[in-house]
$ cat run31.csv   # CSV, C-alpha atoms
chain,number,residue,atom,x,y,z
A,1,MET,CA,179.6,145.3,13.1
A,2,ILE,CA,178.9,148.4,10.9
A,3,ALA,CA,175.4,147.0,10.1
A,4,VAL,CA,174.7,146.9,13.9
A,5,LEU,CA,175.8,150.5,14.3
A,6,VAL,CA,173.7,151.6,11.4
A,7,LEU,CA,170.7,149.9,12.8
A,8,MET,CA,171.2,151.7,16.1
A,9,ALA,CA,171.4,155.1,14.3
A,10,VAL,CA,168.2,154.3,12.3
A,11,GLY,CA,166.5,153.4,15.6
A,12,THR,CA,167.6,156.7,17.1
A,13,GLY,CA,166.2,158.7,14.2
A,14,LEU,CA,162.9,156.7,14.5
A,15,GLY,CA,162.9,157.2,18.2
A,16,LEU,CA,162.9,161.0,17.8
A,17,TYR,CA,159.5,160.7,16.3
A,18,LEU,CA,158.2,157.8,18.3
A,19,GLY,CA,159.0,159.7,21.5
A,20,LYS,CA,155.5,161.2,21.3
A,21,TYR,CA,153.9,157.9,21.9
A,22,PRO,CA,154.6,156.8,25.5
A,23,LYS,CA,152.9,153.4,25.0
A,24,LEU,CA,155.2,152.5,22.1
A,25,ILE,CA,158.2,153.6,24.1
A,26,LYS,CA,157.1,151.5,27.0
A,27,LEU,CA,156.8,148.5,24.7
A,28,ASN,CA,160.2,149.4,23.3
A,29,ASP,CA,161.7,149.3,26.8
A,30,ARG,CA,160.2,145.9,27.4
A,31,LEU,CA,161.6,144.6,24.1
A,32,THR,CA,165.0,146.0,25.1
A,33,SER,CA,165.0,144.0,28.3
A,34,LEU,CA,163.8,140.9,26.6
A,35,ALA,CA,166.5,141.2,23.9
A,36,ILE,CA,169.1,141.6,26.6
A,37,TYR,CA,167.8,138.5,28.5
A,38,LEU,CA,167.8,136.5,25.3
A,39,LEU,CA,171.3,137.5,24.3
A,40,LEU,CA,172.8,136.8,27.7
A,41,PHE,CA,171.0,133.5,27.7
A,42,LEU,CA,172.4,132.7,24.3
A,43,LEU,CA,175.9,133.8,25.4
A,44,GLY,CA,175.5,131.6,28.4
A,45,ILE,CA,174.7,128.6,26.2
A,46,SER,CA,177.7,129.2,24.0
A,47,VAL,CA,179.9,129.6,27.0
A,48,GLY,CA,178.5,126.4,28.6
A,49,LEU,CA,179.2,124.5,25.3
A,50,ASN,CA,182.7,125.8,25.2
A,51,ASP,CA,185.0,123.5,27.2
A,52,LYS,CA,188.0,125.9,26.9
A,53,ILE,CA,186.0,128.5,28.8
A,54,MET,CA,184.4,126.1,31.3
A,55,ASN,CA,187.7,124.6,32.3
A,56,ASN,CA,189.3,128.0,32.8
A,57,LEU,CA,186.6,130.0,34.5
A,58,ASP,CA,188.8,130.8,37.5
A,59,THR,CA,191.6,132.3,35.5
A,60,ILE,CA,189.1,134.1,33.3
A,61,GLY,CA,187.6,135.6,36.5
A,62,VAL,CA,191.0,136.8,37.7
A,63,LYS,CA,191.7,138.5,34.4
A,64,ALA,CA,188.4,140.2,34.5
A,65,LEU,CA,189.2,141.4,38.1
A,66,VAL,CA,192.6,142.7,37.1
A,67,ILE,CA,191.2,144.7,34.1
A,68,THR,CA,188.5,146.1,36.3
A,69,ILE,CA,191.0,147.3,38.8
A,70,GLY,CA,193.0,149.0,36.0
A,71,ALA,CA,189.9,150.6,34.6
A,72,LEU,CA,188.7,152.0,38.0
A,73,ALA,CA,192.2,153.2,39.0
A,74,GLY,CA,192.6,155.1,35.8
A,75,SER,CA,189.1,156.5,36.0
A,76,MET,CA,189.6,157.7,39.6
A,77,VAL,CA,192.8,159.6,38.7
A,78,CYS,CA,191.2,161.3,35.8
A,79,ALA,CA,188.0,162.0,37.8
A,80,LEU,CA,190.1,163.8,40.4
A,81,LEU,CA,191.9,165.8,37.7
A,82,VAL,CA,188.7,166.8,35.9
A,83,TYR,CA,187.1,167.7,39.2
A,84,LYS,CA,190.0,169.9,40.3
A,85,LEU,CA,190.4,171.6,36.9
A,86,PHE,CA,186.8,172.2,36.0
A,87,PHE,CA,184.4,171.8,38.8
A,88,LYS,CA,186.0,172.9,42.1
A,89,GLU,CA,184.6,176.3,42.8
A,90,GLY,CA,185.6,178.9,45.3
A,91,GLY,CA,188.3,178.7,48.0
A,92,SER,CA,192.0,178.5,47.4
A,93,HIS,CA,193.5,175.9,45.2
A,94,GLU,CA,195.0,173.7,47.9
A,95,GLY,CA,196.6,170.3,47.3
B,96,MET,CA,170.6,145.8,41.1
B,97,LYS,CA,167.6,143.7,40.6
B,98,GLY,CA,167.9,144.0,36.8
B,99,SER,CA,171.5,142.8,37.0
B,100,LEU,CA,170.5,139.8,39.0
B,101,ILE,CA,167.9,138.8,36.4
B,102,ILE,CA,170.4,139.2,33.6
B,103,LEU,CA,173.0,137.1,35.4
B,104,ALA,CA,170.3,134.5,36.1
B,105,PHE,CA,169.6,134.2,32.4
B,106,PHE,CA,173.3,133.9,31.7
B,107,ALA,CA,173.8,131.3,34.4
B,108,THR,CA,170.9,129.3,33.1
B,109,GLY,CA,172.4,129.3,29.7
B,110,VAL,CA,175.7,128.2,31.0
B,111,LEU,CA,174.1,125.3,32.9
B,112,LEU,CA,172.0,124.2,29.9
B,113,GLY,CA,175.0,124.5,27.6
B,114,SER,CA,177.5,122.7,29.8
B,115,ASN,CA,175.1,119.8,30.3
B,116,LYS,CA,174.3,119.7,26.6
B,117,PHE,CA,170.6,119.9,27.6
B,118,LEU,CA,169.5,121.7,24.5
B,119,PRO,CA,167.5,121.1,21.3
B,120,GLU,CA,169.8,120.2,18.3
B,121,PHE,CA,169.2,123.5,16.4
B,122,MET,CA,170.4,125.6,19.3
B,123,MET,CA,173.6,123.7,19.6
B,124,GLU,CA,174.4,124.1,15.9
B,125,ASN,CA,173.2,127.6,15.0
B,126,ASP,CA,174.3,130.8,16.6
B,127,LEU,CA,171.2,132.9,16.8
B,128,SER,CA,172.8,135.7,18.8
B,129,MET,CA,173.7,137.8,15.8
B,130,TYR,CA,170.0,138.2,14.9
B,131,ALA,CA,169.1,139.0,18.5
B,132,LEU,CA,171.9,141.6,18.5
B,133,TYR,CA,170.3,143.3,15.5
B,134,VAL,CA,167.0,143.5,17.3
B,135,LEU,CA,168.7,144.8,20.5
B,136,MET,CA,170.7,147.5,18.8
B,137,PHE,CA,167.6,148.7,17.0
B,138,VAL,CA,165.5,149.0,20.1
B,139,VAL,CA,168.4,150.5,22.1
B,140,GLY,CA,168.6,153.2,19.4
B,141,VAL,CA,164.8,153.9,19.5
B,142,GLY,CA,165.1,154.2,23.3
B,143,ILE,CA,167.9,156.8,23.0
B,144,GLY,CA,166.1,158.8,20.4
B,145,ALA,CA,162.8,158.8,22.3
B,146,ASP,CA,164.4,159.8,25.6
B,147,LYS,CA,163.8,163.6,25.9
B,148,ASN,CA,166.4,163.7,28.7
B,149,SER,CA,169.2,162.6,26.4
B,150,TRP,CA,168.6,165.6,24.2
B,151,SER,CA,167.7,168.4,26.6
B,152,VAL,CA,170.6,167.6,28.8
B,153,VAL,CA,173.0,167.9,25.9
B,154,LYS,CA,171.5,171.2,24.7
B,155,LYS,CA,171.6,172.9,28.1
B,156,MET,CA,175.0,171.9,29.2
B,157,LYS,CA,178.2,173.7,28.9
B,158,VAL,CA,181.3,172.3,27.2
B,159,LYS,CA,183.0,171.6,30.4
B,160,LEU,CA,180.5,168.8,31.1
B,161,PHE,CA,181.9,166.9,28.2
B,162,MET,CA,185.1,166.8,30.2
B,163,VAL,CA,183.5,164.3,32.5
B,164,PRO,CA,182.9,161.4,30.1
B,165,LEU,CA,186.0,162.3,28.2
B,166,GLY,CA,188.0,162.0,31.5
B,167,ILE,CA,186.4,158.6,32.1
B,168,ILE,CA,187.3,157.4,28.7
B,169,ILE,CA,190.9,158.6,28.9
B,170,GLY,CA,191.3,157.3,32.5
B,171,THR,CA,189.8,153.9,31.7
B,172,GLY,CA,191.9,153.7,28.5
B,173,ILE,CA,195.2,154.5,30.3
B,174,GLY,CA,194.3,152.2,33.2
B,175,THR,CA,193.3,149.2,31.1
B,176,PHE,CA,196.3,149.8,28.7
B,177,LEU,CA,198.8,149.8,31.5
B,178,ILE,CA,197.3,146.8,33.5
B,179,SER,CA,197.3,144.7,30.3
B,180,PHE,CA,201.1,144.3,30.8
B,181,LEU,CA,200.4,142.3,34.0
B,182,LEU,CA,198.4,139.8,32.0
B,183,SER,CA,200.5,137.5,29.9
B,184,ASP,CA,197.8,136.3,27.5
B,185,ILE,CA,195.7,139.5,27.2
B,186,ASN,CA,197.1,142.1,24.8
B,187,TYR,CA,196.5,145.8,25.2
B,188,LYS,CA,193.8,145.9,22.6
B,189,GLU,CA,191.8,143.2,24.3
B,190,SER,CA,192.2,144.9,27.6
B,191,LEU,CA,191.1,148.3,26.2
B,192,ALA,CA,188.0,146.7,24.5
B,193,VAL,CA,186.9,145.2,27.8
B,194,GLY,CA,187.4,148.5,29.6
B,195,ALA,CA,185.4,150.3,26.9
B,196,GLY,CA,182.3,148.6,28.2
B,197,PHE,CA,182.3,151.2,31.0
B,198,GLY,CA,180.0,148.9,33.1
B,199,TYR,CA,177.6,148.3,30.2
B,200,TYR,CA,178.2,144.6,30.5
B,201,SER,CA,175.2,143.3,28.5
B,202,LEU,CA,176.0,145.1,25.3
B,203,SER,CA,179.8,145.1,25.6
B,204,SER,CA,180.0,141.4,26.3
B,205,ILE,CA,177.8,140.6,23.3
B,206,PHE,CA,179.7,142.9,21.0
B,207,ILE,CA,183.1,141.5,22.0
B,208,THR,CA,181.8,137.9,21.7
B,209,GLN,CA,180.7,138.6,18.1
B,210,MET,CA,183.9,140.4,17.1
B,211,HIS,CA,186.6,138.6,19.1
B,212,GLY,CA,185.3,135.4,20.5
B,213,GLU,CA,183.6,134.0,23.6
B,214,THR,CA,186.5,134.0,26.0
B,215,LEU,CA,187.0,137.7,25.8
B,216,GLY,CA,183.3,138.2,25.8
B,217,VAL,CA,183.0,136.4,29.1
B,218,ILE,CA,185.9,138.5,30.5
B,219,ALA,CA,184.0,141.6,29.4
B,220,LEU,CA,180.9,140.4,31.1
B,221,LEU,CA,182.5,139.7,34.4
B,222,SER,CA,184.8,142.8,34.4
B,223,ASN,CA,181.9,145.2,33.6
B,224,VAL,CA,179.6,143.5,36.2
B,225,LEU,CA,182.5,144.0,38.7
B,226,ARG,CA,182.8,147.6,37.7
B,227,GLU,CA,179.2,148.2,38.6
B,228,MET,CA,179.5,146.2,41.8
B,229,PHE,CA,182.6,148.0,43.0
B,230,THR,CA,181.0,151.3,42.3
B,231,LEU,CA,177.9,150.4,44.3
B,232,LEU,CA,180.0,149.2,47.2
B,233,LEU,CA,183.0,151.6,47.2
B,234,THR,CA,181.5,155.0,46.1
B,235,PRO,CA,181.3,156.3,49.8
B,236,ILE,CA,185.0,155.7,50.1
B,237,LEU,CA,186.1,156.8,46.6
B,238,VAL,CA,184.3,160.1,46.9
B,239,LYS,CA,186.5,161.0,49.9
B,240,TYR,CA,189.8,160.5,48.1
B,241,PHE,CA,188.9,161.2,44.5
B,242,GLY,CA,186.4,164.0,44.7
B,243,LYS,CA,182.7,164.4,43.8
B,244,LEU,CA,183.1,162.9,40.3
B,245,ALA,CA,184.4,159.6,41.7
B,246,GLY,CA,181.0,157.8,41.7
B,247,ILE,CA,180.2,159.1,38.3
B,248,ALA,CA,183.6,157.9,36.9
B,249,GLY,CA,183.3,154.5,38.6
B,250,GLY,CA,179.8,154.0,37.4
B,251,GLY,CA,180.7,154.9,33.8
B,252,ALA,CA,177.7,154.0,31.5
B,253,THR,CA,175.7,152.9,34.5
B,254,ALA,CA,175.8,156.3,36.1
B,255,MET,CA,172.5,157.1,34.3
B,256,ASP,CA,170.6,154.3,35.9
B,257,THR,CA,171.8,151.5,38.3
B,258,THR,CA,174.6,153.5,40.1
B,259,LEU,CA,172.8,156.9,40.0
B,260,PRO,CA,171.1,156.5,43.4
B,261,ILE,CA,174.4,155.9,45.2
B,262,ILE,CA,176.1,158.8,43.3
B,263,VAL,CA,173.4,161.2,44.3
B,264,ARG,CA,173.5,160.0,47.8
B,265,TYR,CA,177.3,160.5,48.3
B,266,SER,CA,178.1,163.3,45.9
B,267,GLY,CA,174.9,165.3,46.3
B,268,LYS,CA,171.7,165.9,44.2
B,269,GLU,CA,173.4,168.5,42.0
B,270,TRP,CA,175.6,165.9,40.6
B,271,GLY,CA,172.7,163.8,39.4
B,272,ILE,CA,172.2,165.5,36.1
B,273,ILE,CA,176.0,165.3,35.4
B,274,ALA,CA,175.8,161.6,36.2
B,275,VAL,CA,172.9,161.1,33.8
B,276,PHE,CA,174.7,163.1,31.1
B,277,SER,CA,178.0,161.2,31.4
B,278,GLY,CA,176.2,157.9,31.5
B,279,ILE,CA,174.3,158.6,28.4
B,280,VAL,CA,177.4,159.7,26.5
B,281,LEU,CA,179.3,156.6,27.5
B,282,THR,CA,176.3,154.3,26.8
B,283,ILE,CA,176.1,155.7,23.2
B,284,LEU,CA,179.8,155.4,22.7
B,285,VAL,CA,180.3,151.8,23.9
B,286,PRO,CA,179.5,150.1,20.6
B,287,PHE,CA,181.6,152.6,18.7
B,288,LEU,CA,184.6,152.5,20.9
B,289,VAL,CA,184.6,148.7,21.1
B,290,THR,CA,184.3,148.4,17.3
B,291,PHE,CA,187.1,151.0,16.9
B,292,ILE,CA,189.5,149.3,19.3
B,293,LEU,CA,189.0,145.8,17.9
B,294,GLU,CA,188.6,146.5,14.2
B,295,VAL,CA,190.3,149.8,13.4
B,296,MET,CA,193.2,150.1,15.8

$ encode --input "run31.csv" --output "structure tokens"
Amino acid sequence: MIAVLVLMAVGTGLGLYLGKYPKLIKLNDRLTSLAIYLLLFLLGISVGLNDKIMNNLDTIGVKALVITIGALAGSMVCALLVYKLFFKEGGSHEG
Amino acid sequence: MKGSLIILAFFATGVLLGSNKFLPEFMMENDLSMYALYVLMFVVGVGIGADKNSWSVVKKMKVKLFMVPLGIIIGTGIGTFLISFLLSDINYKESLAVGAGFGYYSLSSIFITQMHGETLGVIALLSNVLREMFTLLLTPILVKYFGKLAGIAGGGATAMDTTLPIIVRYSGKEWGIIAVFSGIVLTILVPFLVTFILEVM
């Protein structure tokens, strides 16, 4: 995956210069959407062809849900901490 | 939200065509997605480089603003690490990798599919779509209990676009720029963190 990250970095460098040309950037945004559509379409195809996934979509969904709950719960606790430590201004430090 | 629906429609169409084997031969035998991923990462890079917002925001802001995405990374990491022990056939690395999408489901699912296989890729797709959905639906409540950063933290990488309106609505306009900043940082980090978790850790 290193090649992919390098491509992204090269793109970012190029983008710094191309930023002056709004038309090109608009085209780039459209290409980004198209590439995402194409990739998700291709991912869909390989999922559809994969019997192991197709026969277990319900358990896969439950796993995704459980991981999401973990991610959100952890994020909320840390968000509250960062908010109280760095962003809450004025007043007494209650709670 | 409309963008998410279009993307899901493309995915669903692919699933239908694949499961019915209604495809030309070459598409069933060759995996073209690696090449499409190259193109995608390049144009994503151009988009980040060209976006003046990305850079001016970083220059202007004080160090404490980095605490926001950092907190989201740590919180998501701890949460997905701990919850992985509830799932018998998902190990902590897989759970961390799914969490490291921070709602950026298109890119993270593709990355994880390439590096670790389709099953985890689909889990990443669903989990990160759910993260965006829950943030859109629950931010009004979360802000009450977890403070003004709750919407930004829930939105993760999507705080710069799809969940931004709801964040601004329930935390206030002054949090908009912080949301965009945090979203940009997380968006840029998604491919690096996923690679790090699955290939280095």

$ atom_distance --input "run31.csv" --atom1 "CA of Leu244 (chain B)" --atom2 "CA of Tyr265 (chain B)"
10.2 Å

$ residues_around --input "run31.csv" --residues "region 130-147 of chain B" --least-positions-apart "5" --cutoff "6 Å" --atoms "only C-alpha atoms" --output "ChimeraX atom specification"
/A:4,7-8,11-12,15-16,19,32,35

$ atom_distance --input "run31.csv" --atom1 "CA of Ile2 (chain A)" --atom2 "CA of Ser201 (chain B)"
18.7 Å

$ atom_distance --input "run31.csv" --atom1 "CA of Tyr37 (chain A)" --atom2 "CA of Phe105 (chain B)"
6.1 Å

$ closest_residue --input "run31.csv" --among "B:Ala274, B:Ala248, B:Ala192, B:Leu118" --to "chain A" --atoms "all atoms listed in the file"
B:Ala248

$ closest_residue --input "run31.csv" --among "A:Gly70, A:Thr59, A:Leu24, A:Lys52" --to "chain B" --atoms "only C-alpha atoms"
A:Gly70

$ closest_residue --input "run31.csv" --among "B:Thr108, B:Asn223, B:Thr171, B:Ser266" --to "Gly242 (chain B)" --atoms "only C-alpha atoms"
B:Ser266

$ residues_around --input "run31.csv" --residues "Leu288 (chain B)" --least-positions-apart "6" --cutoff "12 Å" --atoms "all atoms listed in the file" --output "compact mmCIF listing (two decimals) with C-alpha atoms, in the frame of the given file"
# COMPACT_ATOMS: atom_id res chain seq x y z
CA MET A 1 179.60 145.30 13.10
CA LEU A 5 175.80 150.50 14.30
CA ILE B 168 187.30 157.40 28.70
CA ILE B 169 190.90 158.60 28.90
CA GLY B 172 191.90 153.70 28.50
CA LYS B 188 193.80 145.90 22.60
CA LEU B 191 191.10 148.30 26.20
CA ALA B 192 188.00 146.70 24.50
CA VAL B 193 186.90 145.20 27.80
CA GLY B 194 187.40 148.50 29.60
CA ALA B 195 185.40 150.30 26.90
CA GLY B 196 182.30 148.60 28.20
CA PHE B 197 182.30 151.20 31.00
CA SER B 203 179.80 145.10 25.60
CA PHE B 206 179.70 142.90 21.00
CA ILE B 207 183.10 141.50 22.00
CA VAL B 280 177.40 159.70 26.50
CA LEU B 281 179.30 156.60 27.50
CA THR B 282 176.30 154.30 26.80
CA GLU B 294 188.60 146.50 14.20
CA VAL B 295 190.30 149.80 13.40
CA MET B 296 193.20 150.10 15.80
